[in-house]
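Following: one structure in structure tokens, then a few remarks.
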Amino acid sequence: MLLREKRFIGWQIGVALAALSIGVLLGPLQALEHAKIDLYPYLKPLLATYYQGLTLHGVLNALVFTTLFITGFQTFAVIKGLERPLRAFPMAVVGLVMMLVGMVMAGYMMLANQATVLYTFYPPLSASPVFYIGLTILIIGSWVIGWSQFLTLYSWRKDNPGVRTPIITMGSVVNATLWQLATLGIATQMLVLVIPWALELVPATDVLLNRTLFWFTGHPLVYFWLLPAYVSWYGMLPKQAGGKLFSDPLARLSFWGLLILSTPVGFHHQFADPGVPVLWKYIHTFLTFMVVIPSLITAFTVLASLERAGKNRGGKGLFGWVSALPWKDPSVAAQVLAGVLFLFGGLGGIINGSAPLNLVIHNTAWVPGHFHLTVATASTLSFFGITFWLIPYLSGKQLYSPRAALACAWTWFIGMIFFSGGMHWLGLVGAPRRVPFSTATYSLPSWQIPQILTGIGGAILFVASILYFVTVLGTVFSKKKGVGEEIIPIAEAEVDPSHTPAWLDAWKTWIIISIILVVIGYGPILIQMFMNINLNAPGFKLY
């Protein structure tokens, strides 16, 4: 890999972790506040309100960190998988600059308390137009980096007709394609509705249409977070565990399934919105349950790969392979533990997508408990595991303190059990989300134990965060050199990919199917909403 490409990837990973360092350290403040230990009064004037901290935590972690890390990791996977330089490299650099500019614009407004509108930024809550413009520039910049990945794959396929796309490259470019398609919703929301409204070019906006366009992107965003973890679980983790990928065809089928099914599912987030016809809610519910299939395929294939690896390492009996896995490898431990908690996150997702059950947990603490098992564990803990070899590779340094890295993985796992368990419990006993409990006008005795669990979990996660950043910074500034290409774990498939059916590498067909499903799932209802647009929400700021 060229030095300029290493630096390009390194910038993306580095800035992503810088955003995470702020966002993740604000998380324990919310967890402790839920346990009625309110530290916000001691942080003024840095943080004016609980909601300013919550906004910074959500946006920096779920939007900025994830997007920059994913574009960096996917750039690496495309270059390494195809063994060729990135096409249109100057264009990709322009995309990165746009992302950095957008991040600074949005970040400054949040720090200045001019964009305290939470992660979802639902109108009629309003922020500075600079915040919205910054987020839009960040997303467009990620598109531009994706275009360079498309061009690289296109040129490789021209030079290698009939050859199956390497699995790590395929998964990465599928995810870039998903991102380009899914973010059309939020781009339309920003450019057509929100930015003109924030600039006072129009007096008001349509709340329901804004929510619909947000969730056009908001739920596919979950799979954008998850697919890089899947790329590693399929294409790298088996090698790290001492085995091979169990099934190349199943891995490809799961990637395509996530692409075609992940976008037309957003109305299951709007079960409580009276402006969405029931028929469309149930169409999206059906597609939501269908998207479980690729995840079940992933669970089976990854577990089969790990089982073979464990038995290769001497594991005996029905479950002996589990203990035979290389648990002392922090990268392996982090990713396997992420997968364990993701199993419970997936089960919770089925509940969220079921209309009668959703009404029980809608807008309760259950919801953030759920997505902390997905983005904050399945994705983030897997990303931690990836960085335990990727940062040494990019820097040419040996990993600083593998023991600290391993302790980070286990501490995060344990902390998330307490935190997410407490939040799920709070939701089941009726505690609302987006509410500071220390100043709430009411509380129930049944909330006390889960509140304590949530606070304990947040404190443990804070320790895990410190261990992680000590490991990362220690590696970057270490003087122990000598890491090269051999550290990159690329798994082979048990059966050579040349035997994989050609239809599982037919890019044009699958992309067309995904576009058709989005048009069917959203086209009629969006046309109706735009034809009956109701600009009656003037906007207001609470903080």
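Here's how to read the names in the structure tokens: chain A, B, ... by the order shown, residue numbers from 1 in each chain, ligand numbers from 1 in the order shown.
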
*Just the residues within 12 Å of Ser443 in chain A, please, counting only C-alpha atoms, with nothing from its chain fewer than 5 positions along; format it as a VMD selection string.*
chain A and resid 34 to 36 426 429 to 432 435 to 438 448 451

Using only C-alpha atoms, what does the table of range 99-129 of chain A residues within 12 Å of range 217-221 of chain A look like, with each row giving the shortest atom pair and its distance in Å to one decimal, sorted by chain and ascending number, as a Markdown table?
```
| residue | atom | partner | partner_atom | distance |
| --- | --- | --- | --- | --- |
| A:Tyr119 | CA | A:Gly218 | CA | 10.3 |
| A:Thr120 | CA | A:Gly218 | CA | 8.5 |
| A:Phe121 | CA | A:Gly218 | CA | 11.5 |
| A:Tyr122 | CA | A:Gly218 | CA | 11.9 |
```

- What residues in range 189-377 of chain A get the DSSP label helix (DSSP H, G or I)? Please answer as a PyMOL selection string. chain A and resi 189-198+207-218+220-235+237-241+248-261+266-269+278-290+292-312+320-324+330-352+355-361+366-377

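Residues with any atom within 10 Å of Thr298 in chain A, counting only C-alpha atoms and excluding same-chain neighbours fewer than 4 positions away, are A:Tyr230, A:Trp233, A:Tyr234, A:Leu250, A:Ala251, A:Arg252, A:Leu253, A:Ser254, A:Phe255, A:Val292, A:Ile293, A:Pro294, A:Val302, A:Leu303, A:Ala304.
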
Output file for the selection above: all heavy atoms, as a CSV table (one decimal), in the first residue's frame:
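Final output, saved to part-v7.csv:
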```csv
chain,number,residue,atom,x,y,z
A,230,TYR,N,-19.3,-6.8,9.7
A,230,TYR,CA,-19.6,-8.0,9.0
A,230,TYR,C,-18.4,-8.3,8.1
A,230,TYR,O,-18.0,-9.5,7.9
A,230,TYR,CB,-20.8,-7.9,8.2
A,230,TYR,CG,-22.1,-8.0,8.9
A,230,TYR,CD1,-22.2,-8.0,10.3
A,230,TYR,CD2,-23.3,-8.2,8.3
A,230,TYR,CE1,-23.4,-8.1,11.0
A,230,TYR,CE2,-24.5,-8.4,9.0
A,230,TYR,CZ,-24.5,-8.3,10.3
A,230,TYR,OH,-25.7,-8.4,11.0
A,233,TRP,N,-15.8,-9.7,10.3
A,233,TRP,CA,-16.2,-11.0,10.8
A,233,TRP,C,-16.1,-12.1,9.7
A,233,TRP,O,-15.7,-13.2,10.0
A,233,TRP,CB,-17.7,-11.0,11.3
A,233,TRP,CG,-17.9,-10.1,12.5
A,233,TRP,CD1,-16.9,-9.4,13.2
A,233,TRP,CD2,-19.1,-9.8,13.2
A,233,TRP,NE1,-17.5,-8.7,14.3
A,233,TRP,CE2,-18.9,-8.9,14.2
A,233,TRP,CE3,-20.5,-10.1,12.9
A,233,TRP,CZ2,-19.9,-8.4,15.1
A,233,TRP,CZ3,-21.5,-9.6,13.7
A,233,TRP,CH2,-21.2,-8.8,14.8
A,234,TYR,N,-16.5,-11.7,8.5
A,234,TYR,CA,-16.4,-12.7,7.4
A,234,TYR,C,-15.0,-12.8,6.9
A,234,TYR,O,-14.5,-13.9,6.6
A,234,TYR,CB,-17.3,-12.3,6.2
A,234,TYR,CG,-18.7,-12.6,6.4
A,234,TYR,CD1,-19.7,-11.6,6.3
A,234,TYR,CD2,-19.2,-13.9,6.6
A,234,TYR,CE1,-21.1,-11.9,6.3
A,234,TYR,CE2,-20.5,-14.2,6.7
A,234,TYR,CZ,-21.5,-13.2,6.5
A,234,TYR,OH,-22.8,-13.5,6.6
A,250,LEU,N,-22.5,-17.7,1.1
A,250,LEU,CA,-23.4,-17.2,2.1
A,250,LEU,C,-23.0,-15.8,2.5
A,250,LEU,O,-23.9,-15.0,2.8
A,250,LEU,CB,-23.5,-18.1,3.3
A,250,LEU,CG,-24.3,-19.4,3.2
A,250,LEU,CD1,-24.1,-20.3,4.5
A,250,LEU,CD2,-25.7,-19.2,2.8
A,251,ALA,N,-21.7,-15.5,2.6
A,251,ALA,CA,-21.3,-14.2,2.9
A,251,ALA,C,-21.8,-13.2,1.9
A,251,ALA,O,-22.3,-12.1,2.3
A,251,ALA,CB,-19.8,-14.2,3.0
A,252,ARG,N,-21.6,-13.5,0.6
A,252,ARG,CA,-22.1,-12.6,-0.4
A,252,ARG,C,-23.6,-12.4,-0.4
A,252,ARG,O,-24.1,-11.3,-0.6
A,252,ARG,CB,-21.6,-13.1,-1.8
A,252,ARG,CG,-20.1,-13.1,-1.9
A,252,ARG,CD,-19.6,-13.8,-3.2
A,252,ARG,NE,-18.2,-14.0,-3.2
A,252,ARG,CZ,-17.3,-13.1,-3.6
A,252,ARG,NH1,-17.7,-12.0,-4.0
A,252,ARG,NH2,-16.0,-13.4,-3.5
A,253,LEU,N,-24.3,-13.5,-0.2
A,253,LEU,CA,-25.8,-13.4,-0.1
A,253,LEU,C,-26.2,-12.5,1.0
A,253,LEU,O,-27.2,-11.7,0.8
A,253,LEU,CB,-26.4,-14.8,0.0
A,253,LEU,CG,-27.9,-14.9,0.0
A,253,LEU,CD1,-28.4,-14.4,-1.3
A,253,LEU,CD2,-28.3,-16.4,0.3
A,254,SER,N,-25.6,-12.6,2.1
A,254,SER,CA,-25.9,-11.7,3.2
A,254,SER,C,-25.7,-10.2,2.9
A,254,SER,O,-26.5,-9.4,3.2
A,254,SER,CB,-25.2,-12.1,4.5
A,254,SER,OG,-23.8,-11.7,4.5
A,255,PHE,N,-24.6,-9.9,2.2
A,255,PHE,CA,-24.3,-8.6,1.8
A,255,PHE,C,-25.4,-8.0,0.9
A,255,PHE,O,-25.9,-6.9,1.1
A,255,PHE,CB,-22.9,-8.5,1.1
A,255,PHE,CG,-21.7,-8.6,2.1
A,255,PHE,CD1,-20.6,-9.3,1.7
A,255,PHE,CD2,-21.8,-8.1,3.4
A,255,PHE,CE1,-19.5,-9.4,2.5
A,255,PHE,CE2,-20.7,-8.2,4.2
A,255,PHE,CZ,-19.6,-8.9,3.8
A,292,VAL,N,-34.0,-9.5,8.8
A,292,VAL,CA,-33.4,-10.4,9.8
A,292,VAL,C,-32.7,-11.5,9.1
A,292,VAL,O,-31.7,-12.0,9.7
A,292,VAL,CB,-34.5,-10.9,10.7
A,292,VAL,CG1,-33.9,-11.9,11.7
A,292,VAL,CG2,-35.1,-9.7,11.5
A,293,ILE,N,-33.1,-11.9,8.0
A,293,ILE,CA,-32.5,-13.1,7.3
A,293,ILE,C,-31.0,-12.9,7.0
A,293,ILE,O,-30.3,-13.9,7.4
A,293,ILE,CB,-33.3,-13.4,6.0
A,293,ILE,CG1,-34.8,-13.8,6.3
A,293,ILE,CG2,-32.6,-14.5,5.2
A,293,ILE,CD1,-35.6,-14.0,5.1
A,294,PRO,N,-30.6,-11.8,6.4
A,294,PRO,CA,-29.1,-11.7,6.3
A,294,PRO,C,-28.3,-11.8,7.6
A,294,PRO,O,-27.2,-12.3,7.6
A,294,PRO,CB,-29.0,-10.3,5.6
A,294,PRO,CG,-30.3,-10.1,4.9
A,294,PRO,CD,-31.3,-10.7,5.8
A,302,VAL,N,-20.6,-17.0,10.5
A,302,VAL,CA,-19.5,-16.6,11.4
A,302,VAL,C,-19.3,-17.7,12.5
A,302,VAL,O,-18.1,-18.0,12.8
A,302,VAL,CB,-19.7,-15.2,12.0
A,302,VAL,CG1,-18.7,-14.9,13.0
A,302,VAL,CG2,-19.7,-14.2,10.8
A,303,LEU,N,-20.3,-18.1,13.1
A,303,LEU,CA,-20.2,-19.2,14.1
A,303,LEU,C,-19.6,-20.4,13.5
A,303,LEU,O,-18.7,-21.1,14.2
A,303,LEU,CB,-21.6,-19.5,14.7
A,303,LEU,CG,-22.1,-18.5,15.8
A,303,LEU,CD1,-23.5,-18.8,16.2
A,303,LEU,CD2,-21.1,-18.5,17.0
A,304,ALA,N,-20.0,-20.8,12.3
A,304,ALA,CA,-19.4,-22.0,11.7
A,304,ALA,C,-17.9,-21.8,11.5
A,304,ALA,O,-17.1,-22.7,11.7
A,304,ALA,CB,-20.1,-22.3,10.4
```

Using only C-alpha atoms, which residue out of A:Leu373, A:Leu193, A:Ile79, A:Leu178 lies closest to Leu337 in chain A?
->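 Distance minimum relative to Leu337 in chain A lands on A:Leu373.
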
If you count only C-alpha atoms, the residue of A:Pro402, A:Phe371, A:Leu343, A:Val291 closest to Asp329 in chain A turns out to be A:Pro402

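Non-sequential neighbours of Ala176 in chain A (distance at most 9 Å, separation of 5 or more positions within a chain, only C-alpha atoms) are A:Thr71, A:Gln74, A:Ser142, A:Trp143, A:Ile145, A:Gly146, A:Trp147, A:Gln149, A:Phe150, A:Gly171, A:Leu181, A:Phe224.
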
Quick one: write out the picked residues with N, CA and C atoms as a PDB file, in the first residue's frame?
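Output below, filename out.pdb:
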```pdb
ATOM      1  N   THR A  71     -15.547   5.078   6.285  1.00  0.00           N
ATOM      2  CA  THR A  71     -14.943   5.435   5.002  1.00  0.00           C
ATOM      3  C   THR A  71     -13.459   5.091   4.984  1.00  0.00           C
ATOM      4  N   GLN A  74     -13.165   1.123   4.887  1.00  0.00           N
ATOM      5  CA  GLN A  74     -13.582   0.617   3.584  1.00  0.00           C
ATOM      6  C   GLN A  74     -12.582   0.987   2.494  1.00  0.00           C
ATOM      7  N   SER A 142     -18.541  12.112   2.230  1.00  0.00           N
ATOM      8  CA  SER A 142     -18.472  10.649   2.300  1.00  0.00           C
ATOM      9  C   SER A 142     -18.912  10.027   0.975  1.00  0.00           C
ATOM     10  N   TRP A 143     -19.844  10.668   0.274  1.00  0.00           N
ATOM     11  CA  TRP A 143     -20.220  10.184  -1.066  1.00  0.00           C
ATOM     12  C   TRP A 143     -19.010  10.214  -2.001  1.00  0.00           C
ATOM     13  N   ILE A 145     -15.807  10.127  -1.376  1.00  0.00           N
ATOM     14  CA  ILE A 145     -14.859   9.034  -1.092  1.00  0.00           C
ATOM     15  C   ILE A 145     -15.412   7.720  -1.624  1.00  0.00           C
ATOM     16  N   GLY A 146     -16.712   7.507  -1.481  1.00  0.00           N
ATOM     17  CA  GLY A 146     -17.332   6.310  -2.023  1.00  0.00           C
ATOM     18  C   GLY A 146     -17.180   6.217  -3.534  1.00  0.00           C
ATOM     19  N   TRP A 147     -17.269   7.352  -4.238  1.00  0.00           N
ATOM     20  CA  TRP A 147     -17.109   7.328  -5.693  1.00  0.00           C
ATOM     21  C   TRP A 147     -15.724   6.828  -6.084  1.00  0.00           C
ATOM     22  N   GLN A 149     -14.000   4.680  -4.456  1.00  0.00           N
ATOM     23  CA  GLN A 149     -14.022   3.227  -4.255  1.00  0.00           C
ATOM     24  C   GLN A 149     -14.738   2.531  -5.410  1.00  0.00           C
ATOM     25  N   PHE A 150     -15.835   3.141  -5.898  1.00  0.00           N
ATOM     26  CA  PHE A 150     -16.547   2.572  -7.046  1.00  0.00           C
ATOM     27  C   PHE A 150     -15.641   2.523  -8.273  1.00  0.00           C
ATOM     28  N   GLY A 171     -17.940  -6.488   0.327  1.00  0.00           N
ATOM     29  CA  GLY A 171     -18.732  -5.994   1.439  1.00  0.00           C
ATOM     30  C   GLY A 171     -18.592  -4.493   1.629  1.00  0.00           C
ATOM     31  N   LEU A 181     -27.383   5.292  -1.444  1.00  0.00           N
ATOM     32  CA  LEU A 181     -28.823   5.169  -1.655  1.00  0.00           C
ATOM     33  C   LEU A 181     -29.601   5.651  -0.439  1.00  0.00           C
ATOM     34  N   PHE A 224     -25.379   0.458   7.772  1.00  0.00           N
ATOM     35  CA  PHE A 224     -24.129   1.124   7.412  1.00  0.00           C
ATOM     36  C   PHE A 224     -23.114   0.979   8.532  1.00  0.00           C
TER      37      PHE A 224
END
```

(message) Residues within 8 Å of range 519-532 of chain A, please, as JSON, numbers by chain. Count only C-alpha atoms; anything in the same chain fewer than 6 positions from it doesn't count.
(response) {"A": [209, 264, 265, 280, 283, 284]}

If you keep N, CA and C atoms, can you produce a file of those selected residues as a PDB file, in the first residue's frame?
```pdb
ATOM      1  N   LEU A 209     -43.222  15.208   7.147  1.00  0.00           N
ATOM      2  CA  LEU A 209     -42.361  14.947   5.993  1.00  0.00           C
ATOM      3  C   LEU A 209     -40.900  14.913   6.414  1.00  0.00           C
ATOM      4  N   PRO A 264     -35.971   0.325   2.568  1.00  0.00           N
ATOM      5  CA  PRO A 264     -37.434   0.520   2.671  1.00  0.00           C
ATOM      6  C   PRO A 264     -38.027  -0.073   3.941  1.00  0.00           C
ATOM      7  N   VAL A 265     -37.523   0.356   5.093  1.00  0.00           N
ATOM      8  CA  VAL A 265     -37.994  -0.170   6.383  1.00  0.00           C
ATOM      9  C   VAL A 265     -38.275   0.947   7.393  1.00  0.00           C
ATOM     10  N   TRP A 280     -48.761   1.289   4.801  1.00  0.00           N
ATOM     11  CA  TRP A 280     -47.330   1.498   4.572  1.00  0.00           C
ATOM     12  C   TRP A 280     -46.512   1.093   5.792  1.00  0.00           C
ATOM     13  N   ILE A 283     -46.225  -2.673   5.439  1.00  0.00           N
ATOM     14  CA  ILE A 283     -45.304  -3.054   4.353  1.00  0.00           C
ATOM     15  C   ILE A 283     -43.866  -2.970   4.856  1.00  0.00           C
ATOM     16  N   HIS A 284     -43.545  -1.880   5.539  1.00  0.00           N
ATOM     17  CA  HIS A 284     -42.191  -1.707   6.063  1.00  0.00           C
ATOM     18  C   HIS A 284     -41.907  -2.666   7.208  1.00  0.00           C
TER      19      HIS A 284
END
```

Have a look at A:Gly257, A:Gly539, A:Pro274, A:Gly23 and name the one nearest to Val174 in chain A; count only C-alpha atoms.
->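 Nearest candidate to Val174 in chain A out of A:Gly257, A:Gly539, A:Pro274, A:Gly23: A:Gly257.
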
Could you list, as a PyMOL selection string, every residue within 10 Å of Thr49 in chain A, counting only C-alpha atoms and ignoring same-chain residues fewer than 6 positions away? chain A and resi 40-41+43+113+116+436+543

- Message: Show me, as a list in words, the residues that have an atom within 9 Å of Leu26 in chain A when counting only C-alpha atoms, minus same-chain residues fewer than 4 positions from it.
- Response: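 That gives Ser21, Ile22, Gln30, Gly53, Leu54, Leu56 and His57 of chain A.
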
Residue subset to file, keeping N, CA and C atoms, as a PDB file, in the first residue's frame:
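The resulting file, again15.pdb, is reproduced below:
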```pdb
ATOM      1  N   SER A  21     -13.483  10.373  21.076  1.00  0.00           N
ATOM      2  CA  SER A  21     -12.919  10.680  22.391  1.00  0.00           C
ATOM      3  C   SER A  21     -13.766  11.706  23.137  1.00  0.00           C
ATOM      4  N   ILE A  22     -14.392  12.610  22.392  1.00  0.00           N
ATOM      5  CA  ILE A  22     -15.288  13.591  23.025  1.00  0.00           C
ATOM      6  C   ILE A  22     -16.640  12.958  23.300  1.00  0.00           C
ATOM      7  N   GLN A  30     -24.366  10.956  30.984  1.00  0.00           N
ATOM      8  CA  GLN A  30     -25.785  10.613  30.876  1.00  0.00           C
ATOM      9  C   GLN A  30     -26.118   9.385  31.731  1.00  0.00           C
ATOM     10  N   GLY A  53     -25.066  18.153  26.105  1.00  0.00           N
ATOM     11  CA  GLY A  53     -24.187  16.991  26.202  1.00  0.00           C
ATOM     12  C   GLY A  53     -24.740  15.792  25.465  1.00  0.00           C
ATOM     13  N   LEU A  54     -26.053  15.582  25.541  1.00  0.00           N
ATOM     14  CA  LEU A  54     -26.677  14.459  24.854  1.00  0.00           C
ATOM     15  C   LEU A  54     -26.564  14.618  23.336  1.00  0.00           C
ATOM     16  N   LEU A  56     -24.169  16.313  21.678  1.00  0.00           N
ATOM     17  CA  LEU A  56     -22.769  16.066  21.319  1.00  0.00           C
ATOM     18  C   LEU A  56     -22.461  14.574  21.334  1.00  0.00           C
ATOM     19  N   HIS A  57     -22.944  13.888  22.356  1.00  0.00           N
ATOM     20  CA  HIS A  57     -22.701  12.448  22.480  1.00  0.00           C
ATOM     21  C   HIS A  57     -23.270  11.703  21.275  1.00  0.00           C
TER      22      HIS A  57
END
```
